[in-house]
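J.: Sharing a structure here in structure tokens format.
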Amino acid sequence: MNYYVYNRPSGAVSYENPPRFTWMPAEDGEIYTIEVFNSQHEPCYRFDSVPINFYTPDMVMEPGDYTYRILSGEKTLVSEQPFSISKNAAITPLKGREHRYDAISAHPRIWLNQPDITRLKERSQTELQPYWNRFLETGVRPWVGTSPHNEPLPYPNNKRVIPIWRKMYMDCQEALYAVKHCAVAWRVTGAPDCLATAKNWLMTIASWDTVGPTARYYNDEAAFRIITALAWGYDWLYEDLTSEERRLVKSTLLTRARELYDYVKNQIKIHIKLLDSHGVRSLSMALVPAALALYEEEAEAEEWLNYTIEYFFTMFSPWGGDDGGWAEGPTYWQSGVSFFTEAISLIKKATGLDIFKRPFFKNTGDFILNTYCQDTRFMAFGDMSDLGDYPGLKAGYTMRILSATSDSPNRRQYAWYYEQAKKRGEGTEHLFYNYGWWNFDFDELFFHMLYTPTPIEVPDNRTTVKWFRDIGWVCIHKNMADEKRHLAFYFKSSPYGSVSHSHGDQNAFVLHGFGEPLAIQSGYYIGYWSSMHTEWRRHTKSKNAILIGDKGQFAQLHQKTKAEEMNGSAKSQFESLMAANGTIEECSTSEGSIYIRGDALNAYRKTVPALLSAKRHVLMIEETFFLIIDEIELSQEETVSWLMHGLHEFTLGNNSFSSSHQGTGVDVLFTGSSMVLEQTNQFEGVNPNETEGMNMQWHIKATTEKPQLSHRIASLLYPYREEDKEFFALNSAEGDELIITRTKQSSASAGNAAGKEYHVRKKVDSWQILAQTE
């Protein structure tokens with residue numbers, strides 16, 4: 001993965017037909033030509049007058065081998081690059097601009113058109129009546145007759161304060177609810193009080209200062225919501241606004257959306273610098289509804305639509321590849337992909353363009369199915385806004401859309417996920433990370449008016465391994481659908497490093513067993529720039545990873561501008577954060593064992609200059625326990641600390657420790673080094689006010705007794721239920737060999753009890769089970 005756009009395709013097989021072309025542009029305003037040659041170097045395709053540095057052709061190409069080049073005028077901008085198109089590639093051309101929007105109707109055109117509204121009126125009294133009544137109860141009645149919020153005030157001294165920032169955007173979310181929901185209710189029921197409420201809130205927010213506290217540069221989350229509210233209000237109330245009211249709403253929407261478009265395209269240039277999380281999300285969350293609302297009335301709106309749709313067809317997703325991963329983690333998938341699926345649903349309904357056919361959308365449900373399981377907590381990696389709760393409701397609702405639109409063989413399991421999420425999340429609708437973003441009763445109407453539910457399929461109990469290669473995550477599951485027997489282990493070593501919402505956690509793991517978090521990603525995501533965020537959670541010391549000479553991986557945030565501080569970004573360090581990356585070199589299965597090898601050398605380069613190699617090997621043996629071997633090579637002697645974190649106090653032993661809670665536990669044994677163990681329940685460097693009222697967590701630090709140039713630390717992790725508990729010993733043999741002994745009884749009472757012995761040996765770069773004896 002690159003931070004900057006790169007020449008694509010380049011020597012790779014394209015699993016989309018036509019392939020997506022991207023390249024580093026020349027100067028602004030340049031027009032490009034793409035020339036494609038067949039294997040005999042004969043010209044076979046030519047695409048002229050391409051206005052920007054990314055392009056999806058409007059035709060299907062013959063599978064086979066090709067080369068292409070990019071011209072800017074007479075100048076060759078990209079010399080010939082080879083590529084091929086798979087015979088099994090997804091067919092995903094993009095209709096050309098000339099007739100792209102022929103299907104767009106008169107207002108309204110966001111979500112439903114007038115014939116659809118007539119159908120909703122009928123269905124709201126028949127099969128959709130329960131959903132409609134619930135929507136009226138939660139989404140409409142709380143706002144009818146209410147006075148609009150006052151315009152939010154600036155931060156004290158214009159310095160971002162997280163509770164005030166959140167209150168600002170939640171007030172704007174409520175304005176969106178009042179406008180959108182009451183406008184929908186008005187069009188369906190004809191209730192005058194719904195119209196009056198929607199208009200009152202709409203005209204109020206239209207009068208707010210476009211460069212004030214709800215401006216994009218000041219609080220972008222607030223700005224996205226206001227733009228969206230203006231767009232829905234203008235579109236759904238178009239015929240109910242006076243010419244002066246329409247002029248004011250349109251002018252304000254145009255000003256705000258124009259500034260947002262200029263920001264993403266001309267300032268941060270998300271088609272060149274790819275990894276701006278909020279910039280990418282702003283297209284789906286705000287610019288799509290704004291462009292649909294103003295289409296045909298303002299030429300700029302068509303320009304916004306073209307940029308956005310072509311970006312979605314060509315560049316998306318910068319956070320992962322065809323296998324569907326999302327490097328920022330599942331909760332940022334939840335916000336990013338959820339708004340995206342809603343936006344491309346709006347695009348599909350208004351224009352007929354089906355972006356869901358792209359491979360990313362075929363597969364991205366697998367990411368949530370594997371990384372955001374409904375019975376797990378404190379799992380996954382990166383910023384997690386759920387604060388240790390079970391996964392968010394919106395992930396389930398988005399999975400339902402994917403179950404209805406995806407060609408994935410697992411689509412029925414996505415529908416199962418939705419059912420589980422809805423059950424697990426019942427009663428959490430009011431929490432800020434739900435209420436401040438979505439109304440799920442509107443989501444029900446949104447879905448049922450556009451899609452048909454998919455039958456569910458419960459995942460089976462076999463052990464599965466899912467490697468998301470593009471983002472460097474591996475997920476192992478056993479008994480996924482059975483909470484009390486579910487064993488889950490995730491490992492990460494990512495090319496995205498610690499950029500954006502990722503952390504300094506290359507070669508880290510998390511472990512969940514039998515309904516309990518056993519090895520967690522510690523801390524709480526209070527918010528970007530909180531001390532918990534900047535001093536603890538982003539850093540290796542909060543992960544199940546290693547410190548070298550008491551130093552972790554590079555993950556330091558640094559902002560240079562007031563806008564970065566207020567909006568929670570860290571663009572000034574992207575290159576360094578991206579460079580602190582890792583690699584999963586191997587993930588394989590053999591004779592009932594699973595093997596993973598990660599390389600985290602780059603992640604420590606800036607903090608530990610003497611480091612020569614940092615490899616972590618993971619073996620899951622007989623689907624029961626894990627052997628982790630860390631191999632560290634240095635040019636200067638250092639100690640190494642092995643870290644693990646949990647929700648409950650650990651019991652320390654002789655080169656071992658354990659934790660047990662409500663009949664579930666984990667034992668950890670070391671060999672290869674004599675380790676000095678210590679634990680604490682403090683979050684180093686964190687303002688105590690930020691964790692007031694939150695549950696305590698415990699942190700193990702096992703450090704080698706002395707500094708050395710070379711370290712090999714072998715650790716055995718055995719997760720168990722008390723009724724099934726077995727007993728293990730871990731010992732080093734001569735050379736590159738480890739011996740694991742497994743018995744049904746403890747060593748103190750085993751006597752001559754039969755057990756099992758495993759010999760694990762290093763062969764070349766990998767560790768393998770050499771022999772098993774009864």
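Each chain in the structure tokens gets a letter, A, B, ..., in the order shown, and its residues are numbered from 1; ligands are numbered from 1 in order too.
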Can you tell me, as a VMD selection string, which residues in region 325-529 of chain A count as strand (DSSP E) by DSSP?
T.: chain A and resid 464 to 468 473 to 478 487 to 492 508 to 513 516 to 519
J.: Go ahead and save the residues from that selection, with N, CA, C and O atoms, as an mmCIF file, in the first residue's frame.
T.:
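Wrote it out as out-v9.cif, contents follow:
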```cif
data_model
loop_
_atom_site.group_PDB
_atom_site.id
_atom_site.type_symbol
_atom_site.label_atom_id
_atom_site.label_comp_id
_atom_site.auth_asym_id
_atom_site.auth_seq_id
_atom_site.Cartn_x
_atom_site.Cartn_y
_atom_site.Cartn_z
ATOM 1 N N THR A 464 -11.570 -21.718 11.293
ATOM 2 C CA THR A 464 -11.334 -20.993 10.042
ATOM 3 C C THR A 464 -10.171 -20.029 10.208
ATOM 4 O O THR A 464 -9.908 -19.518 11.307
ATOM 5 N N VAL A 465 -9.479 -19.771 9.116
ATOM 6 C CA VAL A 465 -8.393 -18.801 9.073
ATOM 7 C C VAL A 465 -8.690 -17.834 7.942
ATOM 8 O O VAL A 465 -8.892 -18.247 6.792
ATOM 9 N N LYS A 466 -8.739 -16.556 8.241
ATOM 10 C CA LYS A 466 -8.972 -15.539 7.223
ATOM 11 C C LYS A 466 -7.819 -14.545 7.241
ATOM 12 O O LYS A 466 -7.586 -13.868 8.250
ATOM 13 N N TRP A 467 -7.089 -14.490 6.134
ATOM 14 C CA TRP A 467 -5.940 -13.583 5.998
ATOM 15 C C TRP A 467 -6.350 -12.437 5.084
ATOM 16 O O TRP A 467 -6.585 -12.642 3.890
ATOM 17 N N PHE A 468 -6.440 -11.236 5.637
ATOM 18 C CA PHE A 468 -6.692 -10.038 4.849
ATOM 19 C C PHE A 468 -5.333 -9.480 4.425
ATOM 20 O O PHE A 468 -4.709 -8.677 5.133
ATOM 21 N N TRP A 473 -3.836 -8.404 8.369
ATOM 22 C CA TRP A 473 -4.528 -8.960 9.527
ATOM 23 C C TRP A 473 -4.822 -10.438 9.257
ATOM 24 O O TRP A 473 -5.176 -10.806 8.127
ATOM 25 N N VAL A 474 -4.694 -11.271 10.290
ATOM 26 C CA VAL A 474 -5.113 -12.668 10.222
ATOM 27 C C VAL A 474 -6.077 -12.933 11.368
ATOM 28 O O VAL A 474 -5.807 -12.551 12.515
ATOM 29 N N CYS A 475 -7.189 -13.594 11.072
ATOM 30 C CA CYS A 475 -8.194 -13.914 12.086
ATOM 31 C C CYS A 475 -8.425 -15.418 12.111
ATOM 32 O O CYS A 475 -8.691 -16.019 11.068
ATOM 33 N N ILE A 476 -8.324 -15.997 13.295
ATOM 34 C CA ILE A 476 -8.593 -17.416 13.502
ATOM 35 C C ILE A 476 -9.840 -17.538 14.375
ATOM 36 O O ILE A 476 -9.937 -16.876 15.418
ATOM 37 N N HIS A 477 -10.769 -18.379 13.946
ATOM 38 C CA HIS A 477 -11.990 -18.616 14.725
ATOM 39 C C HIS A 477 -12.266 -20.109 14.830
ATOM 40 O O HIS A 477 -12.066 -20.857 13.871
ATOM 41 N N LYS A 478 -12.758 -20.498 15.982
ATOM 42 C CA LYS A 478 -13.270 -21.842 16.205
ATOM 43 C C LYS A 478 -14.629 -21.697 16.899
ATOM 44 O O LYS A 478 -14.753 -20.951 17.870
ATOM 45 N N LEU A 487 -13.611 -19.536 20.227
ATOM 46 C CA LEU A 487 -12.221 -19.161 20.461
ATOM 47 C C LEU A 487 -11.770 -18.318 19.281
ATOM 48 O O LEU A 487 -11.898 -18.732 18.123
ATOM 49 N N ALA A 488 -11.253 -17.099 19.563
ATOM 50 C CA ALA A 488 -10.853 -16.174 18.502
ATOM 51 C C ALA A 488 -9.477 -15.603 18.805
ATOM 52 O O ALA A 488 -9.197 -15.208 19.946
ATOM 53 N N PHE A 489 -8.634 -15.557 17.786
ATOM 54 C CA PHE A 489 -7.276 -15.024 17.898
ATOM 55 C C PHE A 489 -7.014 -14.202 16.649
ATOM 56 O O PHE A 489 -7.190 -14.681 15.534
ATOM 57 N N TYR A 490 -6.595 -12.914 16.851
ATOM 58 C CA TYR A 490 -6.265 -12.053 15.712
ATOM 59 C C TYR A 490 -4.798 -11.634 15.818
ATOM 60 O O TYR A 490 -4.293 -11.377 16.919
ATOM 61 N N PHE A 491 -4.177 -11.524 14.665
ATOM 62 C CA PHE A 491 -2.772 -11.107 14.589
ATOM 63 C C PHE A 491 -2.661 -10.027 13.526
ATOM 64 O O PHE A 491 -3.332 -10.086 12.491
ATOM 65 N N LYS A 492 -1.796 -9.046 13.787
ATOM 66 C CA LYS A 492 -1.665 -7.930 12.853
ATOM 67 C C LYS A 492 -0.201 -7.596 12.613
ATOM 68 O O LYS A 492 0.595 -7.514 13.550
ATOM 69 N N ALA A 508 1.295 -7.621 16.861
ATOM 70 C CA ALA A 508 0.495 -7.745 18.081
ATOM 71 C C ALA A 508 -0.626 -8.755 17.863
ATOM 72 O O ALA A 508 -0.975 -9.102 16.729
ATOM 73 N N PHE A 509 -1.216 -9.214 18.978
ATOM 74 C CA PHE A 509 -2.329 -10.150 18.908
ATOM 75 C C PHE A 509 -3.384 -9.760 19.924
ATOM 76 O O PHE A 509 -3.136 -8.994 20.864
ATOM 77 N N VAL A 510 -4.584 -10.290 19.742
ATOM 78 C CA VAL A 510 -5.643 -10.239 20.749
ATOM 79 C C VAL A 510 -6.271 -11.630 20.811
ATOM 80 O O VAL A 510 -6.234 -12.395 19.841
ATOM 81 N N LEU A 511 -6.855 -11.949 21.975
ATOM 82 C CA LEU A 511 -7.372 -13.297 22.208
ATOM 83 C C LEU A 511 -8.689 -13.216 22.970
ATOM 84 O O LEU A 511 -8.790 -12.501 23.969
ATOM 85 N N HIS A 512 -9.697 -13.947 22.494
ATOM 86 C CA HIS A 512 -11.003 -14.005 23.131
ATOM 87 C C HIS A 512 -11.412 -15.466 23.206
ATOM 88 O O HIS A 512 -11.291 -16.197 22.218
ATOM 89 N N GLY A 513 -11.870 -15.910 24.383
ATOM 90 C CA GLY A 513 -12.206 -17.306 24.509
ATOM 91 C C GLY A 513 -13.433 -17.550 25.360
ATOM 92 O O GLY A 513 -13.533 -17.019 26.475
ATOM 93 N N GLU A 516 -15.227 -14.625 26.982
ATOM 94 C CA GLU A 516 -14.456 -13.686 27.797
ATOM 95 C C GLU A 516 -13.278 -13.105 27.007
ATOM 96 O O GLU A 516 -12.581 -13.832 26.296
ATOM 97 N N PRO A 517 -13.023 -11.782 27.155
ATOM 98 C CA PRO A 517 -11.789 -11.207 26.618
ATOM 99 C C PRO A 517 -10.603 -11.696 27.456
ATOM 100 O O PRO A 517 -10.609 -11.553 28.680
ATOM 101 N N LEU A 518 -9.591 -12.250 26.822
ATOM 102 C CA LEU A 518 -8.452 -12.823 27.547
ATOM 103 C C LEU A 518 -7.169 -12.015 27.349
ATOM 104 O O LEU A 518 -6.397 -11.854 28.288
ATOM 105 N N ALA A 519 -6.929 -11.550 26.148
ATOM 106 C CA ALA A 519 -5.778 -10.673 25.879
ATOM 107 C C ALA A 519 -6.315 -9.543 25.015
ATOM 108 O O ALA A 519 -6.651 -9.750 23.845
#
```
J.: Can you tell me, as an MDAnalysis selection string, what residues are no more than 9 Å from Gly665 (chain A) when counting only C-alpha atoms, ignoring any on the same chain fewer than 4 positions away?
T.: chainID A and resid 513 516 518 658:661 718:722
J.: Once you have the residues from the selection above, write them out as an mmCIF file, in the first residue's frame, restricted to all heavy atoms.
T.:
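Writing done, so here's again_34.cif:
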```
data_model
loop_
_atom_site.group_PDB
_atom_site.id
_atom_site.type_symbol
_atom_site.label_atom_id
_atom_site.label_comp_id
_atom_site.auth_asym_id
_atom_site.auth_seq_id
_atom_site.Cartn_x
_atom_site.Cartn_y
_atom_site.Cartn_z
ATOM 1 N N GLY A 513 -11.870 -15.910 24.383
ATOM 2 C CA GLY A 513 -12.206 -17.306 24.509
ATOM 3 C C GLY A 513 -13.433 -17.550 25.360
ATOM 4 O O GLY A 513 -13.533 -17.019 26.475
ATOM 5 N N GLU A 516 -15.227 -14.625 26.982
ATOM 6 C CA GLU A 516 -14.456 -13.686 27.797
ATOM 7 C C GLU A 516 -13.278 -13.105 27.007
ATOM 8 O O GLU A 516 -12.581 -13.832 26.296
ATOM 9 C CB GLU A 516 -13.903 -14.389 29.039
ATOM 10 C CG GLU A 516 -14.942 -14.746 30.080
ATOM 11 C CD GLU A 516 -15.521 -13.525 30.773
ATOM 12 O OE1 GLU A 516 -14.777 -12.536 30.971
ATOM 13 O OE2 GLU A 516 -16.704 -13.562 31.122
ATOM 14 N N LEU A 518 -9.591 -12.250 26.822
ATOM 15 C CA LEU A 518 -8.452 -12.823 27.547
ATOM 16 C C LEU A 518 -7.169 -12.015 27.349
ATOM 17 O O LEU A 518 -6.397 -11.854 28.288
ATOM 18 C CB LEU A 518 -8.239 -14.275 27.111
ATOM 19 C CG LEU A 518 -9.418 -15.224 27.364
ATOM 20 C CD1 LEU A 518 -9.126 -16.605 26.802
ATOM 21 C CD2 LEU A 518 -9.746 -15.298 28.849
ATOM 22 N N SER A 658 -1.122 -16.230 34.908
ATOM 23 C CA SER A 658 -2.431 -16.729 34.500
ATOM 24 C C SER A 658 -3.514 -15.737 34.915
ATOM 25 O O SER A 658 -3.281 -14.843 35.733
ATOM 26 C CB SER A 658 -2.708 -18.098 35.123
ATOM 27 O OG SER A 658 -2.731 -17.998 36.537
ATOM 28 N N SER A 659 -4.679 -15.940 34.332
ATOM 29 C CA SER A 659 -5.840 -15.128 34.682
ATOM 30 C C SER A 659 -7.076 -15.999 34.541
ATOM 31 O O SER A 659 -7.167 -16.817 33.614
ATOM 32 C CB SER A 659 -5.955 -13.908 33.764
ATOM 33 O OG SER A 659 -7.133 -13.180 34.031
ATOM 34 N N SER A 660 -8.028 -15.847 35.465
ATOM 35 C CA SER A 660 -9.245 -16.644 35.409
ATOM 36 C C SER A 660 -10.419 -15.798 35.876
ATOM 37 O O SER A 660 -10.293 -15.024 36.826
ATOM 38 C CB SER A 660 -9.122 -17.899 36.284
ATOM 39 O OG SER A 660 -10.288 -18.680 36.212
ATOM 40 N N HIS A 661 -11.557 -15.942 35.166
ATOM 41 C CA HIS A 661 -12.751 -15.179 35.531
ATOM 42 C C HIS A 661 -13.977 -15.954 35.085
ATOM 43 O O HIS A 661 -14.105 -16.335 33.918
ATOM 44 C CB HIS A 661 -12.725 -13.807 34.855
ATOM 45 C CG HIS A 661 -13.932 -12.964 35.144
ATOM 46 N ND1 HIS A 661 -14.188 -12.432 36.387
ATOM 47 C CD2 HIS A 661 -14.959 -12.573 34.348
ATOM 48 C CE1 HIS A 661 -15.307 -11.740 36.344
ATOM 49 N NE2 HIS A 661 -15.803 -11.818 35.122
ATOM 50 N N TYR A 718 -2.491 -20.751 26.692
ATOM 51 C CA TYR A 718 -3.526 -21.792 26.725
ATOM 52 C C TYR A 718 -4.818 -21.200 27.268
ATOM 53 O O TYR A 718 -4.974 -21.017 28.478
ATOM 54 C CB TYR A 718 -3.061 -22.971 27.576
ATOM 55 C CG TYR A 718 -4.156 -23.972 27.861
ATOM 56 C CD1 TYR A 718 -4.945 -24.500 26.833
ATOM 57 C CD2 TYR A 718 -4.423 -24.394 29.157
ATOM 58 C CE1 TYR A 718 -5.956 -25.413 27.093
ATOM 59 C CE2 TYR A 718 -5.433 -25.322 29.432
ATOM 60 C CZ TYR A 718 -6.191 -25.821 28.390
ATOM 61 O OH TYR A 718 -7.196 -26.729 28.646
ATOM 62 N N PRO A 719 -5.789 -20.899 26.391
ATOM 63 C CA PRO A 719 -7.105 -20.448 26.848
ATOM 64 C C PRO A 719 -7.973 -21.656 27.187
ATOM 65 O O PRO A 719 -7.928 -22.676 26.489
ATOM 66 C CB PRO A 719 -7.657 -19.699 25.627
ATOM 67 C CG PRO A 719 -6.974 -20.327 24.450
ATOM 68 C CD PRO A 719 -5.640 -20.836 24.927
ATOM 69 N N TYR A 720 -8.762 -21.546 28.244
ATOM 70 C CA TYR A 720 -9.490 -22.739 28.685
ATOM 71 C C TYR A 720 -10.795 -22.374 29.384
ATOM 72 O O TYR A 720 -10.993 -21.238 29.846
ATOM 73 C CB TYR A 720 -8.623 -23.563 29.643
ATOM 74 C CG TYR A 720 -8.230 -22.818 30.898
ATOM 75 C CD1 TYR A 720 -9.075 -22.774 32.013
ATOM 76 C CD2 TYR A 720 -7.008 -22.137 30.978
ATOM 77 C CE1 TYR A 720 -8.721 -22.074 33.149
ATOM 78 C CE2 TYR A 720 -6.650 -21.434 32.114
ATOM 79 C CZ TYR A 720 -7.512 -21.406 33.201
ATOM 80 O OH TYR A 720 -7.170 -20.699 34.331
ATOM 81 N N ARG A 721 -11.678 -23.360 29.457
ATOM 82 C CA ARG A 721 -12.810 -23.363 30.383
ATOM 83 C C ARG A 721 -12.437 -24.310 31.515
ATOM 84 O O ARG A 721 -11.827 -25.362 31.290
ATOM 85 C CB ARG A 721 -14.081 -23.845 29.685
ATOM 86 C CG ARG A 721 -14.554 -22.929 28.573
ATOM 87 C CD ARG A 721 -15.890 -23.372 28.018
ATOM 88 N NE ARG A 721 -15.865 -24.731 27.496
ATOM 89 C CZ ARG A 721 -16.927 -25.358 27.015
ATOM 90 N NH1 ARG A 721 -18.102 -24.756 27.003
ATOM 91 N NH2 ARG A 721 -16.830 -26.599 26.544
ATOM 92 N N GLU A 722 -12.803 -23.954 32.722
ATOM 93 C CA GLU A 722 -12.367 -24.732 33.889
ATOM 94 C C GLU A 722 -12.733 -26.209 33.762
ATOM 95 O O GLU A 722 -11.944 -27.081 34.107
ATOM 96 C CB GLU A 722 -12.986 -24.160 35.174
ATOM 97 C CG GLU A 722 -12.388 -22.834 35.628
ATOM 98 C CD GLU A 722 -10.996 -22.968 36.213
ATOM 99 O OE1 GLU A 722 -10.498 -24.104 36.324
ATOM 100 O OE2 GLU A 722 -10.404 -21.925 36.537
#
```
J.: Could you list, as a list in words, every residue within 9 Å of Val499 (chain A), counting only C-alpha atoms and ignoring same-chain residues fewer than 6 positions away?
T.: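 Near neighbours after the sequence-gap exclusion: Leu275, Glu328, Ala555, Ala570, Gln573, Phe574, Glu575, Ser576, Leu577, Met578, Ala579 and Ala580 of chain A.
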J.: Restricting it to N, CA and C atoms, dump the selection as a PDB file, in the first residue's frame.
T.:
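Result went into out31.pdb, see below:
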```
ATOM      1  N   LEU A 275      -4.966   8.699   2.028  1.00  0.00           N
ATOM      2  CA  LEU A 275      -5.397   8.169   3.320  1.00  0.00           C
ATOM      3  C   LEU A 275      -5.941   9.207   4.277  1.00  0.00           C
ATOM      4  N   GLU A 328      -8.180   0.699   9.016  1.00  0.00           N
ATOM      5  CA  GLU A 328      -8.476   1.504  10.202  1.00  0.00           C
ATOM      6  C   GLU A 328      -9.189   0.705  11.290  1.00  0.00           C
ATOM      7  N   ALA A 555       4.666   5.791  16.822  1.00  0.00           N
ATOM      8  CA  ALA A 555       3.236   6.065  16.653  1.00  0.00           C
ATOM      9  C   ALA A 555       2.893   7.466  17.147  1.00  0.00           C
ATOM     10  N   ALA A 570      -3.784  14.231  11.723  1.00  0.00           N
ATOM     11  CA  ALA A 570      -2.338  14.312  11.951  1.00  0.00           C
ATOM     12  C   ALA A 570      -1.623  14.159  10.619  1.00  0.00           C
ATOM     13  N   GLN A 573       2.369  14.039   9.901  1.00  0.00           N
ATOM     14  CA  GLN A 573       3.245  12.911  10.221  1.00  0.00           C
ATOM     15  C   GLN A 573       2.907  11.672   9.403  1.00  0.00           C
ATOM     16  N   PHE A 574       2.086  11.800   8.379  1.00  0.00           N
ATOM     17  CA  PHE A 574       1.614  10.617   7.667  1.00  0.00           C
ATOM     18  C   PHE A 574       2.764   9.766   7.143  1.00  0.00           C
ATOM     19  N   GLU A 575       3.762  10.400   6.556  1.00  0.00           N
ATOM     20  CA  GLU A 575       4.838   9.619   5.958  1.00  0.00           C
ATOM     21  C   GLU A 575       5.577   8.789   7.006  1.00  0.00           C
ATOM     22  N   SER A 576       5.883   9.392   8.149  1.00  0.00           N
ATOM     23  CA  SER A 576       6.605   8.666   9.199  1.00  0.00           C
ATOM     24  C   SER A 576       5.737   7.577   9.819  1.00  0.00           C
ATOM     25  N   LEU A 577       4.458   7.881  10.035  1.00  0.00           N
ATOM     26  CA  LEU A 577       3.558   6.886  10.606  1.00  0.00           C
ATOM     27  C   LEU A 577       3.354   5.721   9.637  1.00  0.00           C
ATOM     28  N   MET A 578       3.277   6.034   8.355  1.00  0.00           N
ATOM     29  CA  MET A 578       3.108   4.991   7.350  1.00  0.00           C
ATOM     30  C   MET A 578       4.338   4.098   7.262  1.00  0.00           C
ATOM     31  N   ALA A 579       5.512   4.707   7.440  1.00  0.00           N
ATOM     32  CA  ALA A 579       6.760   3.949   7.331  1.00  0.00           C
ATOM     33  C   ALA A 579       6.960   2.986   8.497  1.00  0.00           C
ATOM     34  N   ALA A 580       6.264   3.217   9.618  1.00  0.00           N
ATOM     35  CA  ALA A 580       6.393   2.346  10.796  1.00  0.00           C
ATOM     36  C   ALA A 580       5.472   1.137  10.634  1.00  0.00           C
TER      37      ALA A 580
END
```
J.: Using only C-alpha atoms, which residue out of A:Phe312, A:Trp201, A:Trp165, A:Phe670 lies closest to Ala183 (chain A)?
T.: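 Of the candidates, the smallest distance to Ala183 (chain A) is held by A:Trp201.
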J.: Do you know which residues are at most 10 Å from region 83-95 of chain A counting only C-alpha atoms, after dropping those on the same chain fewer than 3 positions away, and could you put them as JSON, numbers by chain?
T.: {"A": [8, 9, 10, 11, 12, 13, 14, 15, 16, 17, 18, 19, 20, 38, 39, 55, 56, 57, 58, 59, 60, 61, 62, 63, 64, 65, 66, 67, 68, 80, 98, 99, 100, 101, 309, 310, 313, 314, 352, 353, 354, 355, 356, 357, 358, 359, 362]}
J.: Which residue gives the smallest distance to Glu30 (chain A) among A:Arg258, A:Lys75, A:Arg160, A:Arg46, with only C-alpha atoms counted?
T.: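 For Glu30 (chain A), the nearest of the candidates is A:Lys75.
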J.: Give me, as a list of chain:residue names, all polymer residues having an atom no more than 8 Å from Tyr32 (chain A), counting only C-alpha atoms and skipping those fewer than 6 positions away in the same chain.
T.: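 Answer for this query is A:Asp48, A:Ser49, A:Val50, A:Pro51, A:Ile52, A:Asn53, A:Ile70, A:Leu71, A:Ser72, A:Gly73.
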J.: Between A:Leu305, A:Ile526, A:Leu292, A:Leu611, which has the minimum distance to Val161 (chain A) (counting only C-alpha atoms)?
T.: A:Ile526
J.: Residues of region 367-462 of chain A that approach region 528-547 of chain A to 10 Å or less, counting only C-alpha atoms: could you list each one with the shortest pair of atoms and its distance in Å to one decimal, rows by chain and increasing residue number, as JSON lines?
T.:
```
{"residue": "A:Phe381", "atom": "CA", "partner": "A:Lys543", "partner_atom": "CA", "distance": 9.2}
{"residue": "A:Gly382", "atom": "CA", "partner": "A:Arg538", "partner_atom": "CA", "distance": 7.8}
{"residue": "A:Asp383", "atom": "CA", "partner": "A:Arg537", "partner_atom": "CA", "distance": 8.1}
```
J.: Take the residues that were just selected and, keeping C-alpha atoms, output them as a short mmCIF file (atom, residue, chain, number, x, y, z; two decimals), in the first residue's frame.
T.:
```
data_model
loop_
_atom_site.label_atom_id
_atom_site.label_comp_id
_atom_site.auth_asym_id
_atom_site.auth_seq_id
_atom_site.Cartn_x
_atom_site.Cartn_y
_atom_site.Cartn_z
CA PHE A 381 -6.98 -3.27 16.41
CA GLY A 382 -7.00 0.51 15.99
CA ASP A 383 -9.34 3.17 17.34
#
```
J.: Pick from A:Ile769, A:Ala185, A:Ala222, A:Ala600: nearest to Ile164 (chain A), with only C-alpha atoms counted?
T.: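 Result for the nearest residue to Ile164 (chain A): A:Ala222.
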J.: At a cut-off of 9 Å, using only C-alpha atoms, what residues contact Gly755 (chain A)? Leave out same-chain residues fewer than 2 positions from it and give the result as JSON, numbers by chain.
T.: {"A": [741, 742, 743, 744, 745, 752, 753, 757, 773, 774]}
J.: Could you work out how far CA of Trp186 (chain A) lies from CA of Leu254 (chain A), giving the answer in Å with one decimal?
T.: 24.6 Å
J.: For CA of Ile268 (chain A) and CA of Tyr217 (chain A), determine how far apart the two atoms are, in Å to one decimal place.
T.: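 Result for CA of Ile268 (chain A) versus CA of Tyr217 (chain A): 12.2 Å, one decimal.
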J.: Let me make sure I understand: among A:Phe683, A:Arg469, A:Trp767, A:Leu128, which one has the smallest atom-to-atom distance to Lys615 (chain A) if we use only C-alpha atoms?
T.: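 Answer, going by the shortest atom-to-atom distance: A:Trp767.
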J.: If we count only C-alpha atoms and set the cut-off at 8 Å, which residues sit around Asp322 (chain A), ignoring sequence neighbours fewer than 2 positions away in its own chain? Please answer as a PyMOL selection string.
T.: chain A and resi 320+324-325+359-360+363
J.: Output C-alpha atoms for every residue in that selection, as a PDB file, in the first residue's frame.
T.:
```pdb
ATOM      1  CA  GLY A 320      -7.919  -2.071   1.706  1.00  0.00           C
ATOM      2  CA  GLY A 324     -12.367  -6.447   1.637  1.00  0.00           C
ATOM      3  CA  GLY A 325     -10.157  -5.479   4.589  1.00  0.00           C
ATOM      4  CA  PRO A 359     -14.837  -7.042  -5.608  1.00  0.00           C
ATOM      5  CA  PHE A 360     -14.272  -4.979  -2.464  1.00  0.00           C
ATOM      6  CA  ASN A 363     -15.786  -9.411   0.186  1.00  0.00           C
TER       7      ASN A 363
END
```
J.: Counting only C-alpha atoms, figure out which residue out of A:Gly427, A:Gly598, A:Gly321, A:Pro115 gets nearest to Gln506 (chain A).
T.: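 Going through A:Gly427, A:Gly598, A:Gly321, A:Pro115 one by one, the smallest distance to Gln506 (chain A) is for A:Gly598.
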